[in-house]
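target-v9.cif (mmCIF, C-alpha atoms) appears below.
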data_final
loop_
_atom_site.group_PDB
_atom_site.id
_atom_site.type_symbol
_atom_site.label_atom_id
_atom_site.label_comp_id
_atom_site.auth_asym_id
_atom_site.auth_seq_id
_atom_site.Cartn_x
_atom_site.Cartn_y
_atom_site.Cartn_z
ATOM 1 C CA MET A 424 9.417 -5.055 14.106
ATOM 2 C CA ILE A 425 11.643 -7.904 12.966
ATOM 3 C CA PHE A 426 9.912 -11.015 11.581
ATOM 4 C CA THR A 427 11.536 -14.377 11.140
ATOM 5 C CA GLN A 428 10.770 -16.783 8.305
ATOM 6 C CA LYS A 429 8.691 -18.868 10.716
ATOM 7 C CA ASP A 430 6.584 -15.882 11.799
ATOM 8 C CA ILE A 431 5.867 -14.852 8.273
ATOM 9 C CA GLN A 432 4.443 -18.240 7.364
ATOM 10 C CA LYS A 433 1.595 -17.589 9.797
ATOM 11 C CA VAL A 434 0.741 -14.188 8.325
ATOM 12 C CA THR A 435 -2.374 -14.022 6.135
ATOM 13 C CA ASP A 436 -2.119 -13.183 2.438
ATOM 14 C CA GLU A 437 -3.947 -9.908 3.008
ATOM 15 C CA LYS A 438 -1.459 -8.789 5.676
ATOM 16 C CA LEU A 439 1.426 -9.820 3.451
ATOM 17 C CA MET A 440 0.046 -7.495 0.791
ATOM 18 C CA LEU A 441 -0.026 -4.615 3.267
ATOM 19 C CA ARG A 442 3.589 -5.291 4.128
ATOM 20 C CA ILE A 443 4.537 -5.500 0.459
ATOM 21 C CA ARG A 444 3.191 -1.957 0.098
ATOM 22 C CA ASN A 445 5.813 -0.895 2.649
ATOM 23 C CA GLY A 446 8.580 -2.612 0.736
ATOM 24 C CA ASP A 447 8.888 -5.791 2.827
ATOM 25 C CA LYS A 448 10.915 -8.206 0.712
ATOM 26 C CA MET A 449 10.328 -11.176 2.987
ATOM 27 C CA ALA A 450 6.572 -10.705 2.629
ATOM 28 C CA PHE A 451 6.889 -10.654 -1.147
ATOM 29 C CA ASN A 452 8.965 -13.832 -1.187
ATOM 30 C CA GLU A 453 6.399 -15.566 1.006
ATOM 31 C CA LEU A 454 3.512 -14.506 -1.202
ATOM 32 C CA TYR A 455 5.392 -15.671 -4.294
ATOM 33 C CA ALA A 456 6.101 -19.019 -2.661
ATOM 34 C CA ARG A 457 2.420 -19.459 -1.820
ATOM 35 C CA TYR A 458 0.990 -18.556 -5.208
ATOM 36 C CA HIS A 459 3.471 -18.981 -8.035
ATOM 37 C CA GLN A 460 2.797 -22.657 -8.629
ATOM 38 C CA ARG A 461 -0.978 -22.285 -8.427
ATOM 39 C CA LEU A 462 -1.023 -19.335 -10.803
ATOM 40 C CA PHE A 463 1.384 -20.991 -13.195
ATOM 41 C CA TYR A 464 -0.837 -24.049 -13.406
ATOM 42 C CA TYR A 465 -3.887 -21.855 -14.026
ATOM 43 C CA PHE A 466 -2.177 -19.972 -16.867
ATOM 44 C CA PHE A 467 -0.714 -23.175 -18.275
ATOM 45 C CA ARG A 468 -4.049 -24.942 -18.539
ATOM 46 C CA MET A 469 -6.025 -21.883 -19.578
ATOM 47 C CA LEU A 470 -3.658 -20.975 -22.398
ATOM 48 C CA GLY A 471 -3.407 -24.232 -24.268
ATOM 49 C CA SER A 472 -0.569 -25.711 -22.200
ATOM 50 C CA ASP A 473 1.823 -23.075 -23.491
ATOM 51 C CA ARG A 474 4.666 -23.132 -20.958
ATOM 52 C CA GLU A 475 6.396 -19.990 -22.197
ATOM 53 C CA LEU A 476 3.242 -17.932 -22.253
ATOM 54 C CA ALA A 477 2.288 -19.193 -18.791
ATOM 55 C CA ASN A 478 5.720 -18.165 -17.471
ATOM 56 C CA ASP A 479 5.356 -14.733 -19.058
ATOM 57 C CA LEU A 480 1.953 -14.152 -17.529
ATOM 58 C CA LEU A 481 3.128 -15.415 -14.155
ATOM 59 C CA GLN A 482 5.916 -12.865 -14.236
ATOM 60 C CA ASP A 483 3.527 -10.121 -15.372
ATOM 61 C CA ILE A 484 1.068 -10.708 -12.569
ATOM 62 C CA PHE A 485 3.790 -10.446 -9.905
ATOM 63 C CA VAL A 486 5.255 -7.376 -11.597
ATOM 64 C CA LYS A 487 1.788 -5.823 -11.214
ATOM 65 C CA ILE A 488 1.852 -6.645 -7.507
ATOM 66 C CA ILE A 489 5.288 -5.042 -7.147
ATOM 67 C CA HIS A 490 4.468 -1.879 -9.057
ATOM 68 C CA LYS A 491 0.884 -1.346 -7.953
ATOM 69 C CA PRO A 492 0.203 -3.156 -4.671
ATOM 70 C CA GLU A 493 -2.436 -0.527 -3.896
ATOM 71 C CA LEU A 494 -4.665 -2.103 -6.557
ATOM 72 C CA PHE A 495 -5.478 -4.868 -4.087
ATOM 73 C CA ASN A 496 -8.742 -4.158 -2.334
ATOM 74 C CA ALA A 497 -8.397 -5.310 1.271
ATOM 75 C CA ASP A 498 -12.172 -5.947 1.438
ATOM 76 C CA TYR A 499 -11.656 -9.043 -0.700
ATOM 77 C CA ARG A 500 -9.770 -12.234 -0.039
ATOM 78 C CA PHE A 501 -6.373 -12.087 -1.699
ATOM 79 C CA SER A 502 -6.772 -15.499 -3.350
ATOM 80 C CA SER A 503 -10.043 -14.470 -5.024
ATOM 81 C CA TRP A 504 -8.565 -11.173 -6.143
ATOM 82 C CA ILE A 505 -5.384 -12.647 -7.627
ATOM 83 C CA PHE A 506 -7.300 -15.302 -9.550
ATOM 84 C CA SER A 507 -9.704 -12.707 -10.911
ATOM 85 C CA VAL A 508 -6.680 -10.732 -12.151
ATOM 86 C CA ALA A 509 -5.261 -13.941 -13.642
ATOM 87 C CA ASN A 510 -8.579 -14.682 -15.322
ATOM 88 C CA ASN A 511 -8.705 -11.199 -16.852
ATOM 89 C CA MET A 512 -5.156 -11.631 -18.130
ATOM 90 C CA CYS A 513 -6.192 -14.887 -19.795
ATOM 91 C CA LYS A 514 -9.196 -13.164 -21.375
ATOM 92 C CA ASN A 515 -6.927 -10.443 -22.740
ATOM 93 C CA GLU A 516 -4.615 -13.098 -24.094
ATOM 94 C CA TYR A 517 -7.539 -14.829 -25.817
ATOM 95 C CA ARG A 518 -8.576 -11.530 -27.299
ATOM 96 C CA ARG A 519 -5.065 -10.609 -28.348
ATOM 97 C CA LYS A 520 -4.545 -13.737 -30.330
ATOM 98 C CA GLU A 521 -6.327 -16.928 -31.065
ATOM 99 C CA VAL A 522 -4.790 -19.439 -28.686
ATOM 100 C CA ARG A 523 -3.700 -22.344 -30.757
ATOM 101 C CA LYS A 524 -4.229 -25.550 -28.965
ATOM 102 C CA ILE A 525 -1.228 -27.746 -29.182
ATOM 103 C CA ILE A 526 -2.811 -31.083 -29.131
ATOM 104 C CA SER A 527 -1.165 -33.823 -31.038
ATOM 105 C CA SER A 528 -2.642 -36.675 -29.164
ATOM 106 C CA ASP A 529 -5.858 -36.966 -31.211
ATOM 107 C CA ALA A 530 -4.481 -39.616 -33.556
ATOM 108 C CA ASP A 531 -3.040 -41.936 -30.983
ATOM 109 C CA ILE A 532 -5.452 -41.830 -28.110
ATOM 110 C CA ALA A 533 -5.419 -45.228 -26.540
ATOM 111 C CA GLU A 534 -8.424 -46.768 -25.045
ATOM 112 C CA ILE A 535 -8.132 -47.732 -21.433
ATOM 113 C CA SER A 536 -10.850 -50.235 -20.889
ATOM 114 C CA ALA A 537 -12.368 -51.368 -17.676
ATOM 115 C CA GLY A 538 -10.381 -54.593 -17.789
ATOM 116 C CA GLN A 539 -6.969 -52.905 -17.662
ATOM 117 C CA ASP A 540 -5.048 -51.974 -14.553
ATOM 118 C CA SER A 541 -5.330 -48.191 -14.711
ATOM 119 C CA GLU A 542 -3.597 -47.785 -11.359
ATOM 120 C CA SER A 543 -0.150 -48.478 -12.770
ATOM 121 C CA ASP A 544 1.941 -45.319 -13.102
ATOM 122 C CA GLU A 545 2.283 -45.460 -16.861
ATOM 123 C CA ASP A 546 -1.420 -45.921 -17.443
ATOM 124 C CA LYS A 547 -2.264 -43.243 -14.947
ATOM 125 C CA LYS A 548 -0.003 -40.732 -16.710
ATOM 126 C CA ASP A 549 -1.439 -41.713 -20.054
ATOM 127 C CA LEU A 550 -4.965 -41.328 -18.803
ATOM 128 C CA ILE A 551 -4.268 -37.905 -17.305
ATOM 129 C CA THR A 552 -2.649 -36.755 -20.547
ATOM 130 C CA GLN A 553 -5.725 -37.783 -22.476
ATOM 131 C CA ILE A 554 -8.150 -36.211 -20.072
ATOM 132 C CA PHE A 555 -6.303 -32.912 -20.090
ATOM 133 C CA ALA A 556 -6.022 -33.014 -23.855
ATOM 134 C CA GLU A 557 -9.817 -33.113 -23.810
ATOM 135 C CA LEU A 558 -9.938 -30.336 -21.245
ATOM 136 C CA GLU A 559 -8.066 -28.116 -23.690
ATOM 137 C CA GLN A 560 -10.985 -28.504 -26.087
ATOM 138 C CA LEU A 561 -13.470 -26.939 -23.681
ATOM 139 C CA ASP A 562 -14.201 -23.240 -23.945
ATOM 140 C CA GLU A 563 -12.349 -20.831 -21.653
ATOM 141 C CA ASN A 564 -15.246 -20.342 -19.225
ATOM 142 C CA GLN A 565 -15.703 -24.061 -18.683
ATOM 143 C CA LYS A 566 -11.978 -24.599 -18.268
ATOM 144 C CA SER A 567 -11.593 -21.813 -15.726
ATOM 145 C CA ILE A 568 -14.575 -23.024 -13.699
ATOM 146 C CA LEU A 569 -13.220 -26.585 -13.594
ATOM 147 C CA ILE A 570 -9.732 -25.458 -12.566
ATOM 148 C CA LEU A 571 -10.971 -23.023 -9.923
ATOM 149 C CA ARG A 572 -13.372 -25.568 -8.465
ATOM 150 C CA TYR A 573 -11.340 -28.773 -8.553
ATOM 151 C CA LYS A 574 -7.750 -27.599 -8.527
ATOM 152 C CA GLU A 575 -8.039 -24.497 -6.359
ATOM 153 C CA ASN A 576 -11.001 -25.702 -4.282
ATOM 154 C CA PHE A 577 -12.784 -22.361 -4.443
ATOM 155 C CA SER A 578 -16.417 -22.308 -3.380
ATOM 156 C CA ILE A 579 -19.193 -21.452 -5.845
ATOM 157 C CA LYS A 580 -19.490 -18.011 -4.198
ATOM 158 C CA GLU A 581 -15.767 -17.341 -4.622
ATOM 159 C CA ILE A 582 -15.828 -18.495 -8.240
ATOM 160 C CA SER A 583 -18.756 -16.176 -8.891
ATOM 161 C CA GLU A 584 -16.688 -13.282 -7.463
ATOM 162 C CA ILE A 585 -13.611 -14.214 -9.474
ATOM 163 C CA LEU A 586 -15.431 -14.589 -12.775
ATOM 164 C CA GLU A 587 -17.963 -11.838 -11.999
ATOM 165 C CA LEU A 588 -20.890 -14.136 -12.722
ATOM 166 C CA PRO A 589 -24.046 -14.918 -10.732
ATOM 167 C CA LYS A 590 -23.861 -18.015 -8.527
ATOM 168 C CA GLY A 591 -26.559 -19.796 -10.530
ATOM 169 C CA THR A 592 -24.608 -19.296 -13.751
ATOM 170 C CA VAL A 593 -21.465 -20.694 -12.139
ATOM 171 C CA LYS A 594 -23.363 -23.760 -10.933
ATOM 172 C CA SER A 595 -24.906 -24.470 -14.310
ATOM 173 C CA ARG A 596 -21.638 -23.866 -16.157
ATOM 174 C CA LEU A 597 -19.852 -26.193 -13.784
ATOM 175 C CA HIS A 598 -22.466 -28.859 -14.370
ATOM 176 C CA TYR A 599 -22.242 -28.505 -18.157
ATOM 177 C CA ALA A 600 -18.437 -28.409 -18.093
ATOM 178 C CA ARG A 601 -18.375 -31.744 -16.273
ATOM 179 C CA LEU A 602 -20.925 -33.219 -18.650
ATOM 180 C CA GLU A 603 -19.058 -31.898 -21.677
ATOM 181 C CA LEU A 604 -15.774 -33.345 -20.465
ATOM 182 C CA SER A 605 -17.403 -36.706 -19.738
ATOM 183 C CA LYS A 606 -19.047 -36.685 -23.163
ATOM 184 C CA LYS A 607 -15.759 -35.989 -24.902
ATOM 185 C CA MET A 608 -14.099 -38.775 -22.953
ATOM 186 C CA THR A 609 -16.845 -41.219 -23.886
ATOM 187 C CA GLU A 610 -16.624 -40.199 -27.549
ATOM 188 C CA LYS A 611 -12.911 -40.955 -27.507
ATOM 189 C CA GLY A 612 -13.578 -44.221 -25.751
ATOM 190 C CA ILE A 613 -11.697 -43.265 -22.595
ATOM 191 C CA VAL A 614 -13.158 -44.884 -19.528
ATOM 192 C CA ILE A 615 -11.958 -44.534 -15.973
ATOM 193 C CA ASN A 616 -12.237 -47.604 -13.843
ATOM 194 C CA GLY A 617 -14.834 -47.616 -11.147
ATOM 195 C CA ASN A 618 -12.151 -47.965 -8.488
ATOM 196 C CA HIS A 619 -11.586 -44.196 -8.645
ATOM 197 C CA GLU A 620 -14.828 -43.646 -6.869
ATOM 198 C CA MET B 102 -16.186 -41.779 -13.816
ATOM 199 C CA ASN B 103 -19.670 -43.166 -13.502
ATOM 200 C CA LYS B 104 -22.444 -43.187 -16.033
ATOM 201 C CA ASN B 105 -23.341 -39.592 -15.095
ATOM 202 C CA GLY B 106 -19.816 -38.363 -15.746
ATOM 203 C CA PHE B 107 -16.911 -37.443 -13.471
ATOM 204 C CA THR B 108 -17.460 -37.225 -9.753
ATOM 205 C CA ASP B 109 -16.024 -34.332 -7.732
ATOM 206 C CA ASP B 110 -13.417 -36.646 -6.247
ATOM 207 C CA ASP B 111 -12.354 -37.889 -9.695
ATOM 208 C CA LEU B 112 -11.758 -34.368 -10.901
ATOM 209 C CA THR B 113 -9.961 -33.210 -7.759
ATOM 210 C CA ARG B 114 -7.656 -36.219 -7.968
ATOM 211 C CA LEU B 115 -7.020 -35.702 -11.670
ATOM 212 C CA PHE B 116 -6.106 -32.052 -11.217
ATOM 213 C CA GLU B 117 -3.832 -32.929 -8.308
ATOM 214 C CA GLU B 118 -2.026 -35.542 -10.384
ATOM 215 C CA ASP B 119 -1.747 -33.257 -13.381
ATOM 216 C CA SER B 120 -0.359 -30.292 -11.444
ATOM 217 C CA LYS B 121 2.552 -32.404 -10.183
ATOM 218 C CA ASN B 122 4.066 -32.420 -13.666
ATOM 219 C CA VAL B 123 3.685 -28.694 -14.265
ATOM 220 C CA SER B 124 6.141 -26.258 -12.722
ATOM 221 C CA ALA B 125 7.100 -22.648 -13.324
ATOM 222 C CA ASP B 126 10.516 -21.441 -14.433
ATOM 223 C CA PRO B 127 12.592 -20.997 -11.229
ATOM 224 C CA GLY B 128 14.378 -17.998 -12.778
ATOM 225 C CA ILE B 129 11.203 -15.918 -12.515
ATOM 226 C CA GLY B 130 11.393 -15.829 -8.725
ATOM 227 C CA LYS B 131 14.923 -14.441 -8.795
ATOM 228 C CA ARG B 132 14.093 -11.807 -11.409
ATOM 229 C CA LEU B 133 11.080 -10.675 -9.412
ATOM 230 C CA GLU B 134 13.086 -10.531 -6.203
ATOM 231 C CA HIS B 135 15.613 -8.250 -7.897
ATOM 232 C CA LEU B 136 12.844 -6.048 -9.275
ATOM 233 C CA PHE B 137 11.236 -5.861 -5.843
ATOM 234 C CA MET B 138 14.491 -4.749 -4.230
ATOM 235 C CA ILE B 139 14.838 -1.918 -6.743
ATOM 236 C CA LYS B 140 11.258 -0.841 -6.151
ATOM 237 C CA SER B 141 11.392 -1.110 -2.361
ATOM 238 C CA ALA B 142 14.513 1.075 -2.231
ATOM 239 C CA SER B 143 12.440 3.929 -3.617
ATOM 240 C CA TYR B 144 9.633 3.276 -1.091
ATOM 241 C CA ARG B 145 11.975 3.655 1.872
ATOM 242 C CA THR B 146 13.496 6.950 0.777
ATOM 243 C CA PHE B 147 10.054 8.397 0.479
ATOM 244 C CA GLN B 148 8.888 7.032 3.811
ATOM 245 C CA ASN B 149 11.774 8.508 5.749
ATOM 246 C CA SER B 150 11.230 12.012 4.378
ATOM 247 C CA PHE B 151 8.795 14.642 5.576
ATOM 248 C CA ALA B 152 7.519 15.146 2.054
ATOM 249 C CA GLY B 153 4.195 13.522 2.860
ATOM 250 C CA PHE B 154 3.648 15.694 5.912
ATOM 251 C CA PHE B 155 4.469 18.939 4.126
ATOM 252 C CA LYS B 156 2.332 17.924 1.199
ATOM 253 C CA TRP B 157 -0.575 17.466 3.605
ATOM 254 C CA ILE B 158 0.080 20.755 5.385
ATOM 255 C CA PHE B 159 0.102 22.812 2.189
ATOM 256 C CA SER B 160 -2.725 21.034 0.412
ATOM 257 C CA TRP B 161 -6.423 21.930 0.456
ATOM 258 C CA SER B 162 -7.376 18.614 2.014
ATOM 259 C CA ASN B 163 -8.698 18.405 5.597
ATOM 260 C CA VAL B 164 -9.055 22.191 5.844
ATOM 261 C CA PRO B 165 -11.420 22.069 8.894
ATOM 262 C CA VAL B 166 -8.902 19.923 10.808
ATOM 263 C CA LYS B 167 -6.091 22.314 9.984
ATOM 264 C CA ALA B 168 -8.237 25.354 10.913
ATOM 265 C CA ALA B 169 -9.089 23.740 14.267
ATOM 266 C CA LEU B 170 -5.407 23.046 14.970
ATOM 267 C CA VAL B 171 -4.412 26.621 14.138
ATOM 268 C CA SER B 172 -7.256 27.973 16.365
ATOM 269 C CA ILE B 173 -6.076 25.849 19.292
ATOM 270 C CA VAL B 174 -2.486 27.044 18.892
ATOM 271 C CA LEU B 175 -3.612 30.704 18.662
ATOM 272 C CA PHE B 176 -5.876 30.345 21.688
ATOM 273 C CA ILE B 177 -3.092 28.831 23.798
ATOM 274 C CA SER B 178 -0.599 31.518 22.788
ATOM 275 C CA VAL B 179 -3.075 34.389 23.460
ATOM 276 C CA MET B 180 -4.023 32.973 26.875
ATOM 277 C CA ASN B 181 -0.372 32.486 27.709
ATOM 278 C CA HIS B 182 0.390 36.085 26.805
ATOM 279 C CA GLN B 183 -2.433 37.440 28.975
ATOM 280 C CA THR B 184 -1.316 35.587 32.101
ATOM 281 C CA GLY B 185 2.056 37.367 32.025
ATOM 282 C CA ASN B 186 1.195 40.475 34.246
ATOM 283 C CA HIS B 187 4.036 42.939 33.806
ATOM 284 C CA GLN B 188 2.669 45.424 36.429
ATOM 285 C CA PHE B 189 3.308 42.952 39.158
ATOM 286 C CA VAL B 190 6.176 44.059 41.422
ATOM 287 C CA ALA B 191 8.152 41.351 43.020
ATOM 288 C CA PRO B 192 8.690 41.695 46.776
ATOM 289 C CA GLY B 193 12.146 42.605 47.933
ATOM 290 C CA CYS B 194 12.537 39.424 49.834
ATOM 291 C CA ASP B 195 12.461 37.407 46.647
ATOM 292 C CA THR B 196 15.994 36.293 46.239
ATOM 293 C CA MET B 197 15.501 35.841 42.514
ATOM 294 C CA ILE B 198 15.590 39.598 41.949
ATOM 295 C CA LYS B 199 18.326 40.404 44.429
ATOM 296 C CA SER B 200 21.297 41.791 42.605
ATOM 297 C CA ASP B 201 23.722 41.226 45.450
ATOM 298 C CA PRO B 202 24.572 37.579 45.646
ATOM 299 C CA PHE B 203 25.284 35.924 48.937
ATOM 300 C CA LYS B 204 28.952 35.467 49.513
ATOM 301 C CA ILE B 205 28.776 31.977 50.710
ATOM 302 C CA ASP B 206 31.308 30.707 48.269
ATOM 303 C CA SER B 207 34.548 30.501 50.152
ATOM 304 C CA ALA B 208 36.521 31.119 46.983
ATOM 305 C CA ASN B 209 35.371 34.746 46.989
ATOM 306 C CA MET B 210 36.007 35.318 50.681
ATOM 307 C CA LEU B 211 38.973 37.236 52.050
ATOM 308 C CA PRO B 212 41.362 35.052 53.926
ATOM 309 C CA PHE B 213 40.827 34.792 57.650
ATOM 310 C CA ASN B 214 43.183 36.750 59.774
ATOM 311 C CA ALA B 215 43.856 33.579 61.642
ATOM 312 C CA ASP B 216 45.794 32.282 58.701
ATOM 313 C CA THR B 217 49.359 32.791 59.811
ATOM 314 C CA CYS B 218 50.835 32.648 56.341
ATOM 315 C CA LEU B 219 48.975 35.715 55.103
ATOM 316 C CA SER B 220 48.642 37.572 58.402
ATOM 317 C CA GLU B 221 49.836 41.171 58.252
ATOM 318 C CA ASN B 222 50.998 40.944 61.838
ATOM 319 C CA SER B 223 53.367 38.127 61.097
#

In structure tokens, what does this structure look like?
Amino acid sequence: MIFTQKDIQKVTDEKLMLRIRNGDKMAFNELYARYHQRLFYYFFRMLGSDRELANDLLQDIFVKIIHKPELFNADYRFSSWIFSVANNMCKNEYRRKEVRKIISSDADIAEISAGQDSESDEDKKDLITQIFAELEQLDENQKSILILRYKENFSIKEISEILELPKGTVKSRLHYARLELSKKMTEKGIVINGNHE
Amino acid sequence: MNKNGFTDDDLTRLFEEDSKNVSADPGIGKRLEHLFMIKSASYRTFQNSFAGFFKWIFSWSNVPVKAALVSIVLFISVMNHQTGNHQFVAPGCDTMIKSDPFKIDSANMLPFNADTCLSENS
């Protein structure tokens, strides 16, 4: 059966994986297009904003898919499975070497007070930089939970599958991660205007 | 952020904004595509061969299925053999066993005497 590019965009991730097993290049390209940016961001933020390392791990995870597509268990959702693989790769990386956090912004963190216009592009960028510099300081579990929940929009159940943790643990860790991040922001004197809410 | 910390919306928006500035090396996609082509070439050769079938036939897996198939084939061949009754004598009127073919083909017929060209009388 011949599939066009339009057809393949409607195919689910799980079916794409089955077709990758049979050597379908178009299916692989589609899967890469769907996930490469999401996985890259996950690696980038989990591994101390190290671009090179994130690129390496991104390549490694897709090489795994090419060489051993049978590792995917069709009983699971592909997105949960791929992020659990990504999370394990990050854990291995943490174990392999102490990830050095490249944060140089400690000395010159600017305070954005309630009176300033934080909606301007420059301020917004600055604020995001500071917040994510603080995110780097959180431990790996807290970081992964925040990224999976707020960037990837996974449910608590899916996060518990990805991280192999009970749902209750995920909920409490998520709560403490948010509190921890807020606390760090307050300590540094970074305040987001109320107009975000 | 409120006094209790970040709201869900705050965090979602922050991650969205942050991810806009982070992008993977575009060269990775091309390298992976090349690797996939090399790998998929080997898949296809294997798929088009009968290696998988023969491997299954001569392996110890699914022995009951194979035994059942062999039994069915043997049963059909034995029954087929028994139905062939060699003592049966075909009746003489059966044209299939007549050795003398009908001479209806005009090519084998002697010319009619009426043909003046070949007539002995002429």

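Nearest to chain B of all the residues A:Leu480, A:Cys513, A:Ile431, A:Val508 is A:Leu480, counting only C-alpha atoms.
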
Please report the interatomic distance between CA of Ile554 in chain A and CA of Met608 in chain A in Å with one decimal.
7.1 Å

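Minimum distance to His459 in chain A across A:Asp473, A:Glu581, A:Asp483, A:Glu437 (counting all atoms listed in the file) occurs at A:Asp483.
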
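Take CA of Phe137 in chain B and CA of Phe155 in chain B: the distance between them is 27.6 Å.
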
Given the choices B:Ile158, B:Leu112, B:Leu175, B:Ala168, which gets closest to Leu597 in chain A if the distance is worked out from only C-alpha atoms?
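Under the stated criterion, the closest residue is B:Leu112.
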
Can you work out which one of A:Glu584, A:Phe555, A:Asp562, A:Phe577 has the shortest atom-to-atom distance to Glu118 in chain B, counting only C-alpha atoms?
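Comparing A:Glu584, A:Phe555, A:Asp562, A:Phe577 against Glu118 in chain B, the winner is A:Phe555.
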
Nearest residue to Ser472 in chain A out of B:Ser172, B:Ser178, B:Thr108, B:Ser124, using all atoms listed in the file?
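Closest residue, counting all atoms listed in the file: B:Ser124.
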
Given 4 Å on each side, where is the centre and what are the edge lengths in Å to one decimal of the axis-aligned box enclosing the listed atoms of range 561-574 of chain A, as AutoDock Vina command-line options?
--center_x -11.7 --center_y -24.6 --center_z -16.2 --size_x 16.0 --size_y 16.4 --size_z 23.5

Residues of chain B within 8 Å of chain A, counting all atoms listed in the file - could you list those as a CSV table (one decimal) with C-alpha atoms, in the coordinates of the input?
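Wrote result20.csv, looks like this:
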chain,number,residue,atom,x,y,z
B,102,MET,CA,-16.2,-41.8,-13.8
B,103,ASN,CA,-19.7,-43.2,-13.5
B,105,ASN,CA,-23.3,-39.6,-15.1
B,106,GLY,CA,-19.8,-38.4,-15.7
B,107,PHE,CA,-16.9,-37.4,-13.5
B,108,THR,CA,-17.5,-37.2,-9.8
B,109,ASP,CA,-16.0,-34.3,-7.7
B,110,ASP,CA,-13.4,-36.6,-6.2
B,111,ASP,CA,-12.4,-37.9,-9.7
B,112,LEU,CA,-11.8,-34.4,-10.9
B,113,THR,CA,-10.0,-33.2,-7.8
B,115,LEU,CA,-7.0,-35.7,-11.7
B,116,PHE,CA,-6.1,-32.1,-11.2
B,117,GLU,CA,-3.8,-32.9,-8.3
B,118,GLU,CA,-2.0,-35.5,-10.4
B,119,ASP,CA,-1.7,-33.3,-13.4
B,120,SER,CA,-0.4,-30.3,-11.4
B,123,VAL,CA,3.7,-28.7,-14.3
B,124,SER,CA,6.1,-26.3,-12.7
B,125,ALA,CA,7.1,-22.6,-13.3
B,126,ASP,CA,10.5,-21.4,-14.4
B,129,ILE,CA,11.2,-15.9,-12.5
B,130,GLY,CA,11.4,-15.8,-8.7
B,133,LEU,CA,11.1,-10.7,-9.4
B,134,GLU,CA,13.1,-10.5,-6.2
B,136,LEU,CA,12.8,-6.0,-9.3
B,137,PHE,CA,11.2,-5.9,-5.8
B,138,MET,CA,14.5,-4.7,-4.2
B,140,LYS,CA,11.3,-0.8,-6.2
B,141,SER,CA,11.4,-1.1,-2.4
B,142,ALA,CA,14.5,1.1,-2.2
B,144,TYR,CA,9.6,3.3,-1.1
B,145,ARG,CA,12.0,3.7,1.9

Take the PyMOL selection byres ((chain A and resi 503) around 12), apply it to the structure above, and return the hits as a count of residues only.
33
